[in-house]
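First up is the structure itself, then whatever we jot down about it.
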Amino acid sequence: MNHFLDIHKTDPADLRAIIDTAKAIKDSRNGRPKAMADDETPLAGRMVALIFEKPSTRTRVSFDVGVRQMGGQTMVLSGNDMQLGHGETIADTARVLSRFVDMIMIRTFDEAVLTEMAEFATVPVINGLTDRTHPCQIMADILTFEEHRGPIKGKKVVWCGDGNNVCSSFLHAAGRFGFDLTFTGPVQLDPEMEFVGHARNEGATITIERDPFKAVEGADLVVADTWVSMHDAQSAKERRHNMLRPYQVNEKLMEAAGKDALFMHCLPAHRGEEVTSEVMDGPQSVIWDEAENRLHAQKAIMRWCLGG
Ligand code: CP
Ligand code: NVA
């Protein structure tokens, strides 16, 4: 069994195998009704707990549907309704859940909750987003990029805005999949330097460029995310918006990137803030494929977690 905690903690060959499996799973379902099981059902007879301490649409629905297509059953739990939210330790929760379910996916705040869950669970644990990273999202993003443009190795990805949790997982992926990442955003919201250093040590070119128009030159992919993440204080909203406004992805910026650059956003998006509707709904945007690919990527991740 394997935990899927982060991209930089997962072997590069395993990451590549997950993407290839995801592609094969997607192809094999072509045209099949969504509620119909896959030909192969590796989760038959298995129960998966989906724990959410933060809101979710895509992660919740894609994991739930994915487990069912693989023949398994799910239990969606809200952190607040569990004893976990009322003082029971993570370790005890992990031990108990492991007696009932075959896999745990958790979306939480502090990364330590995830790592402690993995330490004490005797079943695989999957990171469904923490304040620090969002690896399942970036696996779907790699799948999406490669479907449209072929191998991501050596390509240029430009992250616009806040150096947040999703940006961190992009940095991890740059190291593991061998693409270049340019961050453009205000200095106050730079990505975690530990992760920048990690990606550079793995041979990726990581560039920090304050001018968004220079940053996107020659981009193969431009990525945006919300300016205020779920873990950010609402009181910081105005300050963050003021700092981030110059980094909005709009038609002018996409023009500077060139017509072959793709646009991605993990969603939910705030139309007119980090990205305009013209870009989201425009010809360079692959955001709906990106959202769909959460399903296929996570099915491949779950298979890998169970040793498949
Ligand atoms: N992208 C993503 O994780 O979306 P949700 O917050 O809706 O799960
Ligand atoms: N950075 C965002 C991603 C949401 C999927 C957040 O953490 O709220």
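All residue names refer to the structure tokens as shown: chains lettered A, B, ... in order, residues numbered from 1 in each chain, ligands numbered from 1 in order.
By chain and then residue number, the residues within 8 Å of stretch 269-280 of chain A are Gly161, Ala224, Asp225, Thr226, Trp227, Leu244, Arg245, Tyr247, Gln248, Val249, Asn250, Glu251, Met254, Phe263, His265, Gln284, Ser285 and Ile287 of chain A, counting only C-alpha atoms and disregarding those fewer than 4 positions away in sequence.
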Check every protein, DNA and RNA residue against ligand 2, keep those with an atom at most 9 Å away (counting only C-alpha atoms and all ligand atoms), and present them as a PyMOL selection string. chain A and resi 54-59+109+129-134+137+162+164-167+225-232+266-269
Calculated over only C-alpha atoms and all ligand atoms, which of the candidates A:Gln234, A:Ser62, A:Asn80, A:Thr21 has the smallest distance to ligand 1?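 The answer is A:Ser62, which sits nearest to ligand 1.
Closest approach to A:Val113 among A:Gly178, A:Glu209, A:Leu5, A:Gly308: A:Leu5, based on only C-alpha atoms.
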So, with only C-alpha atoms and all ligand atoms as the atoms that count, which of A:Asp64, A:Asp190, A:Glu88, A:Asp180 lies closest to ligand 1?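 Nearest candidate to ligand 1 out of A:Asp64, A:Asp190, A:Glu88, A:Asp180: A:Asp64.
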Return the single residue from A:Pro151, A:Gly66, A:Gly163, A:Gly72 that is closest to A:Ile19, with distances computed using only C-alpha atoms.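 Checking each of A:Pro151, A:Gly66, A:Gly163, A:Gly72 against A:Ile19, counting only C-alpha atoms, the winner is A:Pro151.
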Using Å and a single decimal, report how far atom CA of A:Ala261 sits from atom CA of A:Leu15.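 For atom CA of A:Leu15 relative to atom CA of A:Ala261, the distance reads 24.1 Å.
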My list of candidates is A:Trp288, A:Phe120, A:Phe177, A:Phe4. Which is closest to ligand 1 when distances are computed with only C-alpha atoms and all ligand atoms?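 Under the stated criterion, the closest residue is A:Trp288.
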Test item: residues at most 8 Å from A:Ile126, only C-alpha atoms, excluding those fewer than 5 positions along its chain, as a CSV table (one decimal) with N, CA, C and O atoms, in the first residue's frame:
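What ended up in out_33.csv:
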```
chain,number,residue,atom,x,y,z
A,3,HIS,N,0.8,5.7,0.5
A,3,HIS,CA,0.0,7.0,0.7
A,3,HIS,C,0.3,7.9,-0.4
A,3,HIS,O,1.4,7.9,-0.9
A,4,PHE,N,-0.6,8.7,-0.8
A,4,PHE,CA,-0.4,9.8,-1.8
A,4,PHE,C,-0.4,11.1,-1.1
A,4,PHE,O,-1.5,11.7,-1.0
A,5,LEU,N,0.7,11.5,-0.6
A,5,LEU,CA,0.7,12.7,0.3
A,5,LEU,C,1.2,14.0,-0.5
A,5,LEU,O,0.6,15.1,-0.2
A,103,MET,N,-9.5,3.0,2.6
A,103,MET,CA,-8.7,4.1,2.1
A,103,MET,C,-9.3,5.4,2.7
A,103,MET,O,-10.5,5.5,2.9
A,104,ILE,N,-8.4,6.4,2.9
A,104,ILE,CA,-8.9,7.7,3.5
A,104,ILE,C,-8.4,8.8,2.6
A,104,ILE,O,-7.2,8.9,2.3
A,105,MET,N,-9.3,9.7,2.2
A,105,MET,CA,-8.9,10.9,1.5
A,105,MET,C,-9.3,12.0,2.5
A,105,MET,O,-10.4,12.1,3.0
A,106,ILE,N,-8.3,12.9,2.7
A,106,ILE,CA,-8.6,14.0,3.6
A,106,ILE,C,-8.2,15.4,3.1
A,106,ILE,O,-7.2,15.6,2.5
```
Residue with the minimum atom-to-atom distance to A:Phe52, picked from A:Gln69, A:Ser168, A:Asn127, A:Thr115 with only C-alpha atoms counted, is A:Asn127
Would you please give, as a PyMOL selection string, all residues of stretch 74-292 of chain A that DSSP assigns to strand (DSSP E or B) based on the backbone? chain A and resi 74-78+103-107+125-127+156-160+180-184+206-208+221-224+249+262-265+271+275+285
Write out the residues from the selection above, keeping C-alpha atoms, as a PDB file, in the first residue's frame.
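Result saved to result_31.pdb:
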```pdb
ATOM      1  CA  THR A  74     -17.769   6.018  -0.200  1.00  0.00           C
ATOM      2  CA  MET A  75     -18.529   7.717   3.046  1.00  0.00           C
ATOM      3  CA  VAL A  76     -18.322  11.516   2.963  1.00  0.00           C
ATOM      4  CA  LEU A  77     -17.475  12.951   6.376  1.00  0.00           C
ATOM      5  CA  SER A  78     -17.317  16.556   7.460  1.00  0.00           C
ATOM      6  CA  MET A 103      -8.690   4.135   2.133  1.00  0.00           C
ATOM      7  CA  ILE A 104      -8.893   7.688   3.490  1.00  0.00           C
ATOM      8  CA  MET A 105      -8.905  10.922   1.496  1.00  0.00           C
ATOM      9  CA  ILE A 106      -8.620  14.043   3.626  1.00  0.00           C
ATOM     10  CA  ARG A 107      -8.907  17.780   2.884  1.00  0.00           C
ATOM     11  CA  VAL A 125      -4.164   8.158   2.937  1.00  0.00           C
ATOM     12  CA  ILE A 126      -4.597  10.668   0.085  1.00  0.00           C
ATOM     13  CA  ASN A 127      -4.022  14.430   0.299  1.00  0.00           C
ATOM     14  CA  LYS A 156       7.348  26.384 -19.793  1.00  0.00           C
ATOM     15  CA  VAL A 157       4.591  26.819 -17.209  1.00  0.00           C
ATOM     16  CA  VAL A 158       3.833  30.298 -15.833  1.00  0.00           C
ATOM     17  CA  TRP A 159       2.103  30.675 -12.487  1.00  0.00           C
ATOM     18  CA  CYS A 160       0.375  34.071 -12.094  1.00  0.00           C
ATOM     19  CA  ASP A 180      10.295  24.918 -16.217  1.00  0.00           C
ATOM     20  CA  LEU A 181       8.180  27.049 -13.940  1.00  0.00           C
ATOM     21  CA  THR A 182       8.076  30.835 -13.897  1.00  0.00           C
ATOM     22  CA  PHE A 183       6.348  32.485 -10.961  1.00  0.00           C
ATOM     23  CA  THR A 184       5.004  35.983 -11.459  1.00  0.00           C
ATOM     24  CA  ILE A 206      12.458  27.991 -11.596  1.00  0.00           C
ATOM     25  CA  THR A 207      12.278  31.697 -12.418  1.00  0.00           C
ATOM     26  CA  ILE A 208      10.772  34.532 -10.431  1.00  0.00           C
ATOM     27  CA  LEU A 221       0.797  27.052 -20.124  1.00  0.00           C
ATOM     28  CA  VAL A 222      -0.455  29.983 -18.035  1.00  0.00           C
ATOM     29  CA  VAL A 223      -2.048  29.148 -14.675  1.00  0.00           C
ATOM     30  CA  ALA A 224      -4.091  31.244 -12.261  1.00  0.00           C
ATOM     31  CA  VAL A 249      -4.878  36.794 -16.457  1.00  0.00           C
ATOM     32  CA  LEU A 262      -2.969  26.995 -22.788  1.00  0.00           C
ATOM     33  CA  PHE A 263      -4.792  28.447 -19.792  1.00  0.00           C
ATOM     34  CA  MET A 264      -5.608  26.461 -16.635  1.00  0.00           C
ATOM     35  CA  HIS A 265      -7.276  27.199 -13.298  1.00  0.00           C
ATOM     36  CA  ARG A 271     -14.441  35.756 -12.747  1.00  0.00           C
ATOM     37  CA  VAL A 275      -8.961  35.764 -14.518  1.00  0.00           C
ATOM     38  CA  SER A 285      -8.712  27.670 -21.873  1.00  0.00           C
TER      39      SER A 285
END
```
DSSP on the backbone, then: every residue of stretch 71-290 of chain A marked helix (DSSP H, G or I), written as a PyMOL selection string. chain A and resi 79-81+83-86+90-100+111-120+135-149+165-177+187-189+193-201+212-215+234-247+251-257+277-280+287-290
Which residues are near A:Ile7? Cut-off 6 Å, only C-alpha atoms, ignore same chain within fewer than 2 positions. Put them as a PDB file with all heavy atoms, in the first residue's frame.
```
ATOM      1  N   LYS A   9       7.063  13.729  -2.747  1.00  0.00           N
ATOM      2  CA  LYS A   9       7.317  12.558  -1.902  1.00  0.00           C
ATOM      3  C   LYS A   9       7.023  11.266  -2.660  1.00  0.00           C
ATOM      4  O   LYS A   9       7.048  10.185  -2.086  1.00  0.00           O
ATOM      5  CB  LYS A   9       6.441  12.630  -0.649  1.00  0.00           C
ATOM      6  CG  LYS A   9       6.807  13.791   0.272  1.00  0.00           C
ATOM      7  CD  LYS A   9       5.861  13.865   1.458  1.00  0.00           C
ATOM      8  CE  LYS A   9       6.190  15.078   2.317  1.00  0.00           C
ATOM      9  NZ  LYS A   9       5.083  15.375   3.259  1.00  0.00           N
ATOM     10  N   THR A  10       6.663  11.399  -3.938  1.00  0.00           N
ATOM     11  CA  THR A  10       6.292  10.224  -4.734  1.00  0.00           C
ATOM     12  C   THR A  10       7.353  10.015  -5.815  1.00  0.00           C
ATOM     13  O   THR A  10       7.821  10.974  -6.434  1.00  0.00           O
ATOM     14  CB  THR A  10       4.891  10.447  -5.364  1.00  0.00           C
ATOM     15  OG1 THR A  10       3.989  10.824  -4.323  1.00  0.00           O
ATOM     16  CG2 THR A  10       4.374   9.191  -6.039  1.00  0.00           C
ATOM     17  N   PRO A 135      -1.764  18.097  -4.343  1.00  0.00           N
ATOM     18  CA  PRO A 135      -1.140  17.239  -5.366  1.00  0.00           C
ATOM     19  C   PRO A 135      -2.105  16.596  -6.354  1.00  0.00           C
ATOM     20  O   PRO A 135      -1.763  16.440  -7.529  1.00  0.00           O
ATOM     21  CB  PRO A 135      -0.413  16.166  -4.539  1.00  0.00           C
ATOM     22  CG  PRO A 135      -1.122  16.134  -3.225  1.00  0.00           C
ATOM     23  CD  PRO A 135      -1.555  17.556  -2.980  1.00  0.00           C
ATOM     24  N   HIS A 172       6.585  21.204  -7.066  1.00  0.00           N
ATOM     25  CA  HIS A 172       6.985  19.797  -6.875  1.00  0.00           C
ATOM     26  C   HIS A 172       6.971  19.056  -8.208  1.00  0.00           C
ATOM     27  O   HIS A 172       7.863  18.270  -8.512  1.00  0.00           O
ATOM     28  CB  HIS A 172       6.023  19.097  -5.909  1.00  0.00           C
ATOM     29  CG  HIS A 172       6.078  19.661  -4.524  1.00  0.00           C
ATOM     30  ND1 HIS A 172       5.023  19.586  -3.645  1.00  0.00           N
ATOM     31  CD2 HIS A 172       7.064  20.309  -3.855  1.00  0.00           C
ATOM     32  CE1 HIS A 172       5.355  20.165  -2.513  1.00  0.00           C
ATOM     33  NE2 HIS A 172       6.581  20.618  -2.615  1.00  0.00           N
TER      34      HIS A 172
END
```
